[in-house]
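Only one structure is covered here, and it is reproduced in the block below.
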Amino acid sequence: MIHDASPRELARIRNQKIGFVFQFFNLLPKLNVLQNVELPMIYSGLAGRERRERAVQALRMVEMDNRAKHRPMQLSGGQQQRTAIARALVNNPKIVFADEPTGNLDSHTGEVILELFRKLSQEGRTIALVTHDPEIAAVTPRRIEIRDGKIARHVDLKLAGLDRVNAERGTRNAEQAANPQSPTAN
């Protein structure tokens with residue numbers, strides 16, 4: 001059981017089974033993007049060639065492979081965020097804890113990252129995403145609302161953005177029913 005695990009075993013579990021996306025990135029400034037993404041694999045004892053290949057693949061997933069040689073201070077906040085996401089995913093964790101993973105991203109890139117998380121979830125990984133953005137909360141398959149430090153018994157539809165999303169879906173469904181040949185019906 002995990003409660004009987006030694007500190008070394010717990011560190012191994014965190015490294016190999018859990019990916020962390022920190023709100024403030026926690027990238028090492030003296031390392032370039034590729035090296036920052038390789039870091040968890042160094043702690044796992046992976047050989048250099050495999051580390052590099054997996055790091056480049058993770059950077060491709062977040063559209064950052066073209067910035068592999070840049071240092072964190074040469075990147076925008078959104079680019080640093082995507083680097084942190086790549087680092088969190090590089091060991092193929094079973095669980096990903098993501099604190100505001102789209103907070104520094106433009107809407108297009110945010111959607112790319114959310115789609116990546118959806119795909120990972122469909123593959124059987126657990127994604128625990130923290131957000132204050134009701135639009136992001138509204139598209140997640142399950143929401144747990146925390147209010148005043150406690151799990152709320154009922155999700156406030158307005159706070160969760162679900163009132164607006166449901167209204168938009170209702171409008172779209174009504175439009176589709178009225179115009180079954182329109183492009184939105186497909």
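By order of appearance in the structure tokens: chains A, B, ..., then residues from 1 within every chain, and ligands from 1 in the order shown.
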Mind checking which residues fall within 12 Å of Lys69 of chain A, counting only C-alpha atoms, ignoring those fewer than 3 positions away in the same chain, and posting them as a ChimeraX atom specification? /A:30-37,56,59,64-66,72-75,83
Chain A: which residues are strand (DSSP E or B) by DSSP, as a list in words? Ile18, Gly19, Phe20, Val21, Ile95, Val96, Phe97, Ala98, Asp99, Thr126, Ile127, Ala128, Leu129, Val130, Ile146, Arg147, Lys150 and Ile151 of chain A
For each of A:Leu114, A:Ala68, A:Ile127, A:Met41, take the minimum atom-to-atom distance to Asn91 of chain A, counting only C-alpha atoms, then give the residue where this is smallest.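 Checking each candidate against Asn91 of chain A, we get A:Met41 as the closest.
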Pick out the residues sitting within 10 Å of Glu111 of chain A, and hand them over as a CSV table (one decimal) with C-alpha atoms, in the first residue's frame; count only C-alpha atoms, and ignore anything fewer than 6 positions along from it in its own chain.
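Written output follows (result.csv):
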```csv
chain,number,residue,atom,x,y,z
A,102,THR,CA,-4.5,26.9,-20.1
A,105,LEU,CA,-2.5,30.3,-23.4
A,117,PHE,CA,-6.1,16.1,-22.3
A,136,ILE,CA,-13.1,25.2,-19.5
```
Neighbours of segment 94-101 of chain A within 9 Å (only C-alpha atoms; same-chain residues fewer than 3 positions away dropped), as JSON, numbers by chain? {"A": [16, 17, 18, 19, 20, 21, 22, 23, 24, 81, 82, 84, 85, 88, 89, 104, 105, 110, 113, 114, 124, 125, 126, 127, 128, 129, 130, 131, 132, 133]}
Got a sec to tell me which of segment 39-137 of chain A DSSP assigns to alpha helix (DSSP H), as an NGL selection string? :A and (39-44 or 48-61 or 77-89 or 107-122 or 134-137)
Exercise: Pro141 of chain A partners within 10 Å, only C-alpha atoms, chain neighbours under 4 positions left out, as a PyMOL selection string: chain A and resi 118+121+137
Which residue out of A:Ile146, A:Val90, A:Leu10, A:Leu116 has the minimum interatomic distance to Leu46 of chain A when only C-alpha atoms are used? A:Val90
Go through A:Pro93, A:Glu135, A:Glu53, A:Asp148 one by one, measure the shortest atom-to-atom distance of each to Ser107 of chain A using only C-alpha atoms, and give the residue with the smallest value.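 So, comparing all the options, the nearest one is A:Glu135.
When only C-alpha atoms are used to measure the gap to Glu115 of chain A, the shortest distance among A:Ile151, A:Met61, A:Ile144, A:Leu28 belongs to A:Met61.
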Spatial neighbours of Met1 of chain A, max dist 12 Å, only C-alpha atoms, sep filter under 3 positions, as a ChimeraX atom specification: /A:4-6,9-10,13
Have a look at A:Leu120, A:Ala86, A:Leu27, A:Ala11 and name the one nearest to Ala58 of chain A; count only C-alpha atoms.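 Using only C-alpha atoms, Ala58 of chain A sits closest to A:Ala86.
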